[in-house]
Each structure stands twice: as C-alpha cells, then as structure tokens.
$ cat upload_35.txt   # compact mmCIF, C-alpha atoms
# COMPACT_ATOMS: atom_id res chain seq x y z
CA MET A 21 10.92 17.55 13.02
CA ASN A 22 9.00 20.48 14.49
CA GLU A 23 9.90 23.06 11.87
CA LEU A 24 8.42 21.44 8.82
CA HIS A 25 8.67 23.48 5.67
CA GLY A 26 7.82 22.82 2.09
CA ASP A 27 5.25 20.38 0.86
CA THR A 28 3.37 18.15 3.22
CA PRO A 29 0.74 15.49 2.68
CA ASP A 30 -2.27 16.93 0.87
CA PHE A 31 -5.03 16.87 3.45
CA SER A 32 -7.43 18.44 0.98
CA LYS A 33 -7.77 14.90 -0.37
CA GLY A 34 -9.60 11.97 1.19
CA GLY A 35 -11.99 14.24 3.05
CA GLY A 36 -9.06 15.32 5.20
CA LEU A 37 -8.19 11.77 6.25
CA LEU A 38 -5.19 10.09 4.62
CA PRO A 39 -4.07 6.50 5.09
CA ALA A 40 -0.82 6.16 7.02
CA ILE A 41 1.18 2.95 6.86
CA ALA A 42 3.43 2.08 9.80
CA GLN A 43 6.44 0.00 8.83
CA ASP A 44 9.10 -1.42 11.15
CA VAL A 45 12.19 0.70 10.46
CA ASP A 46 14.52 -2.24 11.07
CA THR A 47 12.78 -5.25 9.55
CA GLY A 48 10.58 -3.60 6.92
CA GLU A 49 7.54 -5.46 8.23
CA VAL A 50 4.28 -3.62 7.59
CA LEU A 51 2.74 -3.25 11.05
CA MET A 52 -0.57 -1.52 10.47
CA LEU A 53 -2.53 1.05 8.55
CA ALA A 54 -4.45 3.84 10.21
CA TYR A 55 -5.57 7.32 9.22
CA MET A 56 -4.26 10.81 9.86
CA ASN A 57 -5.81 14.21 9.58
CA ALA A 58 -3.76 17.41 9.53
CA THR A 59 -3.90 17.75 13.31
CA SER A 60 -2.73 14.20 14.01
CA TYR A 61 0.02 14.62 11.43
CA ALA A 62 1.21 17.81 13.09
CA LYS A 63 1.16 16.12 16.48
CA THR A 64 3.14 13.20 15.07
CA LEU A 65 5.81 15.62 13.86
CA ASP A 66 5.79 17.43 17.17
CA MET A 67 5.95 14.36 19.42
CA GLY A 68 8.05 12.07 17.25
CA GLN A 69 5.45 9.37 17.98
CA ALA A 70 2.62 8.22 15.78
CA VAL A 71 -0.67 10.03 16.38
CA TYR A 72 -3.54 8.90 14.21
CA PHE A 73 -7.16 9.91 13.86
CA SER A 74 -9.52 7.15 14.93
CA ARG A 75 -12.42 6.90 12.50
CA SER A 76 -14.44 4.70 14.86
CA ARG A 77 -13.95 6.95 17.89
CA ASN A 78 -13.84 10.15 15.81
CA LYS A 79 -10.93 11.62 17.74
CA LEU A 80 -7.16 11.84 17.85
CA TRP A 81 -5.49 8.58 18.78
CA HIS A 82 -2.01 8.64 20.22
CA LYS A 83 -1.08 5.05 19.39
CA GLY A 84 -0.05 3.26 22.59
CA GLU A 85 -1.67 5.79 24.92
CA GLU A 86 -3.43 2.94 26.69
CA SER A 87 -1.14 -0.04 26.13
CA GLY A 88 2.15 1.84 26.27
CA ASN A 89 3.00 0.42 22.86
CA VAL A 90 3.83 3.75 21.25
CA GLN A 91 5.47 4.04 17.85
CA HIS A 92 8.67 6.08 17.71
CA VAL A 93 8.82 7.72 14.29
CA HIS A 94 12.19 7.47 12.55
CA GLY A 95 11.13 8.69 9.14
CA ILE A 96 8.11 9.95 7.24
CA PHE A 97 7.56 9.50 3.53
CA VAL A 98 4.75 10.63 1.24
CA ASP A 99 3.73 9.02 -2.00
CA CYS A 100 3.72 10.52 -5.49
CA ASP A 101 0.16 11.80 -5.09
CA ALA A 102 0.86 13.16 -1.60
CA ASP A 103 -2.24 11.35 -0.34
CA THR A 104 -0.64 8.44 1.52
CA ILE A 105 1.83 8.59 4.38
CA LEU A 106 4.48 6.00 5.23
CA LEU A 107 5.94 6.02 8.73
CA LYS A 108 9.13 4.16 9.57
CA VAL A 109 8.73 3.32 13.23
CA LYS A 110 10.18 1.50 16.17
CA GLN A 111 7.29 -0.28 17.84
CA GLU A 112 7.41 -0.16 21.63
CA GLY A 113 6.42 -3.47 23.21
CA GLY A 114 7.03 -5.42 20.03
CA ALA A 115 3.41 -5.54 18.92
CA ALA A 116 1.42 -3.02 16.90
CA CYS A 117 -1.84 -4.92 16.85
CA HIS A 118 -4.39 -4.62 19.61
CA GLU A 119 -4.92 -8.36 19.21
CA GLY A 120 -1.37 -8.92 20.45
CA TYR A 121 0.39 -9.68 17.19
CA LYS A 122 3.45 -7.81 15.97
CA SER A 123 1.64 -6.81 12.80
CA CYS A 124 -2.06 -6.26 12.23
CA PHE A 125 -1.57 -8.24 9.01
CA PHE A 126 -1.25 -11.56 10.79
CA ARG A 127 -3.77 -13.41 8.63
CA GLN A 128 -2.96 -14.68 5.17
CA VAL A 129 -5.54 -15.35 2.49
CA THR A 130 -5.27 -18.93 1.28
CA SER A 131 -7.46 -21.33 -0.63
CA ASP A 132 -8.39 -22.78 2.77
CA GLY A 133 -9.49 -19.40 4.11
CA LEU A 134 -7.59 -17.05 6.39
CA ILE A 135 -4.59 -18.63 8.08
CA THR A 136 -3.00 -16.95 11.10
CA GLN A 137 0.73 -16.37 10.68
CA GLY A 138 3.05 -15.64 13.56
CA ALA A 139 2.53 -15.83 17.28
CA ARG A 140 1.01 -13.44 19.75
CA VAL A 141 3.46 -11.11 21.48
CA PHE A 142 1.05 -10.28 24.29
CA ASP A 143 -2.34 -11.30 25.63
CA PRO A 144 -4.82 -8.51 24.92
CA ALA A 145 -6.81 -9.35 28.05
CA GLU A 146 -3.76 -8.53 30.16
CA VAL A 147 -2.92 -5.28 28.39
CA TYR A 148 -6.35 -3.75 27.95
CA LYS A 149 -7.93 -4.27 31.34
CA SER A 150 -10.49 -1.53 31.11
CA MET B 9 -5.92 -18.83 -5.56
CA ASN B 10 -9.15 -19.12 -7.48
CA GLU B 11 -11.08 -21.16 -4.97
CA LEU B 12 -11.11 -18.76 -2.10
CA HIS B 13 -13.12 -19.87 0.87
CA GLY B 14 -13.65 -18.49 4.31
CA ASP B 15 -13.34 -14.90 5.30
CA THR B 16 -12.21 -12.26 2.89
CA PRO B 17 -11.66 -8.53 3.21
CA ASP B 18 -14.83 -6.81 4.39
CA PHE B 19 -15.94 -4.75 1.44
CA SER B 20 -18.96 -3.53 3.35
CA LYS B 21 -16.52 -1.06 4.92
CA GLY B 22 -14.96 2.00 3.33
CA GLY B 23 -17.84 2.46 0.94
CA GLY B 24 -16.72 -0.72 -0.81
CA LEU B 25 -13.18 0.55 -1.41
CA LEU B 26 -10.40 -0.74 0.81
CA PRO B 27 -6.78 0.41 0.82
CA ALA B 28 -4.34 -2.17 -0.53
CA ILE B 29 -0.64 -1.90 0.20
CA ALA B 30 1.80 -3.45 -2.26
CA GLN B 31 5.06 -4.58 -0.67
CA ASP B 32 8.08 -6.09 -2.41
CA VAL B 33 8.01 -9.76 -1.42
CA ASP B 34 11.80 -9.97 -1.41
CA THR B 35 13.01 -6.68 0.07
CA GLY B 36 10.01 -5.65 2.16
CA GLU B 37 9.97 -2.22 0.54
CA VAL B 38 6.54 -0.62 0.50
CA LEU B 39 5.91 0.12 -3.16
CA MET B 40 2.54 1.83 -3.27
CA LEU B 41 -0.95 2.06 -1.89
CA ALA B 42 -4.03 1.86 -4.06
CA TYR B 43 -7.64 0.80 -3.56
CA MET B 44 -9.60 -2.34 -4.25
CA ASN B 45 -13.29 -3.07 -4.51
CA ALA B 46 -14.70 -6.58 -4.40
CA THR B 47 -14.44 -6.97 -8.17
CA SER B 48 -10.81 -5.89 -8.39
CA TYR B 49 -9.99 -8.14 -5.44
CA ALA B 50 -11.64 -11.12 -7.15
CA LYS B 51 -9.76 -10.36 -10.36
CA THR B 52 -6.49 -10.15 -8.41
CA LEU B 53 -7.12 -13.60 -6.99
CA ASP B 54 -8.07 -14.92 -10.40
CA MET B 55 -5.13 -13.43 -12.34
CA GLY B 56 -2.44 -13.61 -9.68
CA GLN B 57 -1.63 -10.00 -10.59
CA ALA B 58 -2.67 -6.85 -8.78
CA VAL B 59 -5.90 -5.31 -10.04
CA TYR B 60 -6.97 -2.15 -8.28
CA PHE B 61 -9.90 0.20 -8.58
CA SER B 62 -8.85 3.64 -9.77
CA ARG B 63 -10.68 6.31 -7.82
CA SER B 64 -9.68 9.04 -10.28
CA ARG B 65 -10.74 7.08 -13.37
CA ASN B 66 -13.59 5.30 -11.58
CA LYS B 67 -12.81 1.94 -13.13
CA LEU B 68 -10.82 -1.24 -12.67
CA TRP B 69 -7.09 -0.75 -13.05
CA HIS B 70 -4.92 -3.72 -13.92
CA LYS B 71 -1.63 -2.32 -12.67
CA GLY B 72 0.90 -2.35 -15.50
CA GLU B 73 -1.70 -2.71 -18.24
CA GLU B 74 -0.11 0.22 -20.06
CA SER B 75 3.52 0.17 -18.88
CA GLY B 76 3.89 -3.60 -18.65
CA ASN B 77 4.96 -3.17 -15.03
CA VAL B 78 2.50 -5.66 -13.60
CA GLN B 79 2.65 -6.89 -10.02
CA HIS B 80 2.81 -10.65 -9.54
CA VAL B 81 1.03 -11.45 -6.30
CA HIS B 82 2.87 -13.89 -4.03
CA GLY B 83 0.75 -13.46 -0.94
CA ILE B 84 -2.29 -11.61 0.36
CA PHE B 85 -2.83 -10.61 3.97
CA VAL B 86 -5.70 -8.81 5.67
CA ASP B 87 -5.49 -6.79 8.83
CA CYS B 88 -7.26 -7.37 12.13
CA ASP B 89 -10.26 -5.27 11.08
CA ALA B 90 -10.40 -6.91 7.64
CA ASP B 91 -10.50 -3.47 6.06
CA THR B 92 -6.96 -3.19 4.72
CA ILE B 93 -5.22 -5.52 2.28
CA LEU B 94 -1.48 -6.21 2.08
CA LEU B 95 -0.12 -7.69 -1.13
CA LYS B 96 3.33 -9.26 -1.31
CA VAL B 97 4.37 -8.73 -4.90
CA LYS B 98 7.13 -9.08 -7.42
CA GLN B 99 7.18 -5.84 -9.37
CA GLU B 100 7.75 -6.30 -13.09
CA GLY B 101 10.13 -3.70 -14.54
CA GLY B 102 11.53 -2.79 -11.14
CA ALA B 103 9.40 0.30 -10.62
CA ALA B 104 5.91 0.58 -9.16
CA CYS B 105 5.58 4.34 -9.46
CA HIS B 106 4.33 6.01 -12.62
CA GLU B 107 6.98 8.64 -12.01
CA GLY B 108 9.66 6.01 -12.62
CA TYR B 109 10.75 5.29 -9.05
CA LYS B 110 10.79 1.83 -7.52
CA SER B 111 8.44 2.96 -4.77
CA CYS B 112 5.81 5.67 -4.84
CA PHE B 113 7.17 6.69 -1.43
CA PHE B 114 10.32 8.23 -2.87
CA ARG B 115 10.04 11.53 -0.99
CA GLN B 116 10.97 11.90 2.64
CA VAL B 117 9.61 14.59 4.93
CA THR B 118 12.47 16.57 6.46
CA SER B 119 12.85 19.91 8.17
CA ASP B 120 14.02 21.22 4.80
CA GLY B 121 10.87 20.03 3.03
CA LEU B 122 10.43 16.94 0.90
CA ILE B 123 13.68 15.30 -0.16
CA THR B 124 13.73 12.79 -3.01
CA GLN B 125 15.30 9.47 -2.06
CA GLY B 126 16.49 6.93 -4.58
CA ALA B 127 16.93 7.17 -8.31
CA ARG B 128 14.54 6.78 -11.17
CA VAL B 129 14.33 3.30 -12.68
CA PHE B 130 12.73 4.55 -15.90
CA ASP B 131 11.83 7.77 -17.65
CA PRO B 132 8.04 8.19 -17.56
CA ALA B 133 8.10 10.05 -20.89
CA GLU B 134 9.51 6.94 -22.55
CA VAL B 135 7.10 4.49 -20.94
CA TYR B 136 3.84 6.39 -21.19
CA LYS B 137 3.88 7.69 -24.73
CA SER B 138 0.20 8.24 -25.12
$ encode --input "upload_35.txt" --output "structure tokens"
Amino acid sequence: MNELHGDTPDFSKGGGLLPAIAQDVDTGEVLMLAYMNATSYAKTLDMGQAVYFSRSRNKLWHKGEESGNVQHVHGIFVDCDADTILLKVKQEGGAACHEGYKSCFFRQVTSDGLITQGARVFDPAEVYKS
Amino acid sequence: MNELHGDTPDFSKGGGLLPAIAQDVDTGEVLMLAYMNATSYAKTLDMGQAVYFSRSRNKLWHKGEESGNVQHVHGIFVDCDADTILLKVKQEGGAACHEGYKSCFFRQVTSDGLITQGARVFDPAEVYKS
C-alpha cells in the first residue's frame, strides 16, 4: 500500500487528527478507536500495521510497540466526509485493549450501570511490566 | 434505558463531544461515526434511537429525522477510557449514509485511489428533496 494515489482522508479537518476505528477483519468486532494524523496514516500505509497518534502522549503510537499486540492492516476505508478512518485488522495477541480485553468496548451501558462483557485475554500487569 | 445509573461516557473529555460509532447489531458492519454531547446521549437513551450532535449544524441531530432512516439502538457500549461510544443499531431503511450506501465507509483505500465498494440502497436525490 506504499504507493497511495488519489484521495486520502482529509487531514485538514479535525485539527489534523481524525478518528480511526479498528475492526476485526474476520469477526467484525469493533476493537478500539484511536486517532491518526497524516504522519501516522502514512506510516500505517508504509508498515501495514496500525500507527496512531496518541493525544495523551502527543506522539506517534505504533500500536503494540510495547505489548507486541500489533494490528496487521488488511483494509482501510474512509467515510463519506473523508474525516473518519476504518481499519480492518488482524489483532496480534487476541486483545486490542490495554486492560486485557479483546475489545476496548467491553463495558455495556445498562439500567444497572456499566456491565463488563467478555473475559480478559491477558493480565495487564504481566504484559506491561514497566 | 431511561433510568441510567452508574458510570456513563465521560463528557468532560473531547470538549463535551465524544465520537459515537454505529454498528449493525446483526451483521457487525460499521455504519457510521458521528458525535454525541451529553444532551444527545441522554436523548438517545430516552428515545431508544440514535441522537447525535451535528458539528456542522451545531445542533442536536436525530438521525433519520428527515429521511426516516432512524437507528434503533439495541445496545450501548463505552470504551476503556469512557471517551468513545459504540451503538449497536438496527438501521431503518437499510442505509445509514446520506449518500445512499448502507455504510458511510463505502470507499476503500487502494493503490489506485479510493474504490467504491457496495451498491447504493437509495438515491439521495429522491430521499432528500428539500
């Protein structure tokens, strides 16, 4: 995907940061949402792995750089307004969430409050030792 | 879902506007991404239909209010940081996108530019007459 031509996401919107949804290419499960700037998007295309821009750390974030749980990108889609990105990924390690769940959306809103759905794939304390 | 207790999305983040992903509850297809503020979120809970906040029009946006293509909400999830919302919806009319496609993510990034995937469900000129 290195030689991208034609239209790309419109990074003139959103102050240069666009939301990027990562979806499991096989199951369709929505794994997480993070943000990309033009540089992280270009790196994603170049590497074939998801590279986001961390708003909290204010720097590029190669997802899985610490945990090894990289996301192999199998397809990239943009929405009608070209201001949201959808990545179809294979999630290394089986879990996208730093809390050890497959999906970051592991809590459901119910009339009894937030209910955790699904089980942890890994123990964060074991993966992030630093 | 009117009597929501416990934690909710954290609208103190994102300047009060959080991204909300709408996903087809049956197929898992990601249909669109829009934004919610606390008021639109409360209205979504109250109505059981997706109510967003339109950044371009700067007002509440009951999805489908003009086209009739409302989104019936079957589940709401929040991510680990409580700053992104995932709605599991049934899309009335079969198309979430104002351009007539089922999903707003109907264009794939390829080395030949953006390629349209899928067919139009409706003709926008027929649906949005005003």
$ residues_around --input "upload_35.txt" --residues "stretch 35-38 of chain B" --least-positions-apart "6" --cutoff "9 Å" --atoms "all atoms listed in the file" --output "list in words"
Gln43, Thr47, Gly48, Glu49, Val50 and Leu106 of chain A; Ile29, Lys96, Ser111, Cys112 and Phe113 of chain B
$ atom_distance --input "upload_35.txt" --atom1 "atom CA of B:Leu26" --atom2 "atom CA of B:Gly83"
17.0 Å
$ interface_residues --input "upload_35.txt" --of "chain A" --to "chain B" --cutoff "10 Å" --atoms "only C-alpha atoms" --output "ChimeraX atom specification"
/A:21-29,39-41,43-44,47-54,65,95-107,117-119,121,123-137
$ residues_near_point --input "upload_35.txt" --point "(12.5, 8.2, -11.4)" --cutoff "6 Å" --atoms "all atoms listed in the file" --output "ChimeraX atom specification"
/B:107-109,127-130
$ atom_distance --input "upload_35.txt" --atom1 "atom CA of A:Asp143" --atom2 "atom CA of A:Met56"
27.2 Å
$ atom_distance --input "upload_35.txt" --atom1 "atom CA of A:Gln111" --atom2 "atom CA of A:Phe31"
25.6 Å
$ residues_around --input "upload_35.txt" --residues "A:Thr64" --least-positions-apart "2" --cutoff "10 Å" --atoms "only C-alpha atoms" --output "count of residues only"
21
$ decode --input "upload_35.txt" --residues "stretch 90-101 of chain A" --atoms "all heavy atoms" --output "JSON list (two decimals), in the first residue's frame"
[["chain", "number", "residue", "atom", "x", "y", "z"],
["A", 90, "VAL", "N", 0.49, -5.94, 17.96],
["A", 90, "VAL", "CA", 0.32, -5.06, 16.81],
["A", 90, "VAL", "C", -0.96, -5.41, 16.07],
["A", 90, "VAL", "O", -1.55, -6.48, 16.26],
["A", 90, "VAL", "CB", 1.53, -5.15, 15.85],
["A", 90, "VAL", "CG1", 2.82, -4.77, 16.57],
["A", 90, "VAL", "CG2", 1.63, -6.53, 15.23],
["A", 91, "GLN", "N", -1.38, -4.48, 15.22],
["A", 91, "GLN", "CA", -2.56, -4.70, 14.38],
["A", 91, "GLN", "C", -2.12, -4.73, 12.93],
["A", 91, "GLN", "O", -1.67, -3.72, 12.38],
["A", 91, "GLN", "CB", -3.58, -3.58, 14.62],
["A", 91, "GLN", "CG", -4.16, -3.60, 16.03],
["A", 91, "GLN", "CD", -5.08, -2.43, 16.31],
["A", 91, "GLN", "OE1", -4.94, -1.37, 15.73],
["A", 91, "GLN", "NE2", -6.01, -2.64, 17.23],
["A", 92, "HIS", "N", -2.28, -5.89, 12.30],
["A", 92, "HIS", "CA", -1.97, -6.04, 10.88],
["A", 92, "HIS", "C", -3.15, -5.51, 10.07],
["A", 92, "HIS", "O", -4.27, -5.98, 10.24],
["A", 92, "HIS", "CB", -1.69, -7.50, 10.55],
["A", 92, "HIS", "CG", -0.61, -8.11, 11.38],
["A", 92, "HIS", "ND1", 0.74, -7.88, 11.13],
["A", 92, "HIS", "CD2", -0.65, -8.91, 12.47],
["A", 92, "HIS", "CE1", 1.47, -8.54, 12.02],
["A", 92, "HIS", "NE2", 0.66, -9.17, 12.84],
["A", 93, "VAL", "N", -2.87, -4.54, 9.21],
["A", 93, "VAL", "CA", -3.96, -3.86, 8.49],
["A", 93, "VAL", "C", -4.27, -4.60, 7.20],
["A", 93, "VAL", "O", -3.40, -4.76, 6.34],
["A", 93, "VAL", "CB", -3.57, -2.40, 8.20],
["A", 93, "VAL", "CG1", -4.66, -1.72, 7.38],
["A", 93, "VAL", "CG2", -3.33, -1.65, 9.51],
["A", 94, "HIS", "N", -5.51, -5.04, 7.08],
["A", 94, "HIS", "CA", -5.95, -5.77, 5.89],
["A", 94, "HIS", "C", -6.81, -4.93, 4.96],
["A", 94, "HIS", "O", -7.12, -5.36, 3.85],
["A", 94, "HIS", "CB", -6.70, -7.04, 6.31],
["A", 94, "HIS", "CG", -5.80, -8.10, 6.85],
["A", 94, "HIS", "ND1", -5.59, -9.29, 6.19],
["A", 94, "HIS", "CD2", -5.03, -8.14, 7.96],
["A", 94, "HIS", "CE1", -4.73, -10.03, 6.89],
["A", 94, "HIS", "NE2", -4.37, -9.36, 7.96],
["A", 95, "GLY", "N", -7.22, -3.78, 5.42],
["A", 95, "GLY", "CA", -8.02, -2.91, 4.57],
["A", 95, "GLY", "C", -8.23, -1.58, 5.26],
["A", 95, "GLY", "O", -8.27, -1.50, 6.49],
["A", 96, "ILE", "N", -8.32, -0.53, 4.47],
["A", 96, "ILE", "CA", -8.57, 0.81, 5.01],
["A", 96, "ILE", "C", -9.74, 1.42, 4.24],
["A", 96, "ILE", "O", -9.75, 1.41, 3.00],
["A", 96, "ILE", "CB", -7.33, 1.72, 4.86],
["A", 96, "ILE", "CG1", -6.12, 1.10, 5.57],
["A", 96, "ILE", "CG2", -7.62, 3.12, 5.39],
["A", 96, "ILE", "CD1", -4.85, 1.93, 5.43],
["A", 97, "PHE", "N", -10.69, 1.94, 4.99],
["A", 97, "PHE", "CA", -11.84, 2.60, 4.39],
["A", 97, "PHE", "C", -11.95, 4.01, 4.95],
["A", 97, "PHE", "O", -11.53, 4.27, 6.08],
["A", 97, "PHE", "CB", -13.13, 1.82, 4.70],
["A", 97, "PHE", "CG", -13.19, 0.46, 4.04],
["A", 97, "PHE", "CD1", -12.44, -0.60, 4.55],
["A", 97, "PHE", "CD2", -13.97, 0.23, 2.93],
["A", 97, "PHE", "CE1", -12.47, -1.86, 3.96],
["A", 97, "PHE", "CE2", -14.01, -1.03, 2.32],
["A", 97, "PHE", "CZ", -13.26, -2.07, 2.84],
["A", 98, "VAL", "N", -12.51, 4.90, 4.15],
["A", 98, "VAL", "CA", -12.80, 6.26, 4.65],
["A", 98, "VAL", "C", -14.29, 6.52, 4.49],
["A", 98, "VAL", "O", -14.94, 5.94, 3.61],
["A", 98, "VAL", "CB", -11.99, 7.35, 3.89],
["A", 98, "VAL", "CG1", -10.51, 7.16, 4.15],
["A", 98, "VAL", "CG2", -12.31, 7.33, 2.42],
["A", 99, "ASP", "N", -14.81, 7.37, 5.33],
["A", 99, "ASP", "CA", -16.25, 7.62, 5.28],
["A", 99, "ASP", "C", -16.58, 8.70, 4.26],
["A", 99, "ASP", "O", -15.69, 9.28, 3.62],
["A", 99, "ASP", "CB", -16.82, 7.91, 6.67],
["A", 99, "ASP", "CG", -16.47, 9.29, 7.17],
["A", 99, "ASP", "OD1", -15.57, 9.93, 6.60],
["A", 99, "ASP", "OD2", -17.09, 9.72, 8.16],
["A", 100, "CYS", "N", -17.87, 8.96, 4.11],
["A", 100, "CYS", "CA", -18.35, 9.86, 3.07],
["A", 100, "CYS", "C", -17.77, 11.26, 3.19],
["A", 100, "CYS", "O", -17.58, 11.95, 2.18],
["A", 100, "CYS", "CB", -19.88, 9.91, 3.10],
["A", 100, "CYS", "SG", -20.58, 10.08, 4.77],
["A", 101, "ASP", "N", -17.48, 11.69, 4.42],
["A", 101, "ASP", "CA", -16.90, 13.02, 4.63],
["A", 101, "ASP", "C", -15.38, 13.01, 4.64],
["A", 101, "ASP", "O", -14.77, 14.07, 4.83],
["A", 101, "ASP", "CB", -17.40, 13.59, 5.97],
["A", 101, "ASP", "CG", -18.90, 13.81, 5.98],
["A", 101, "ASP", "OD1", -19.45, 14.15, 4.92],
["A", 101, "ASP", "OD2", -19.51, 13.63, 7.05]]
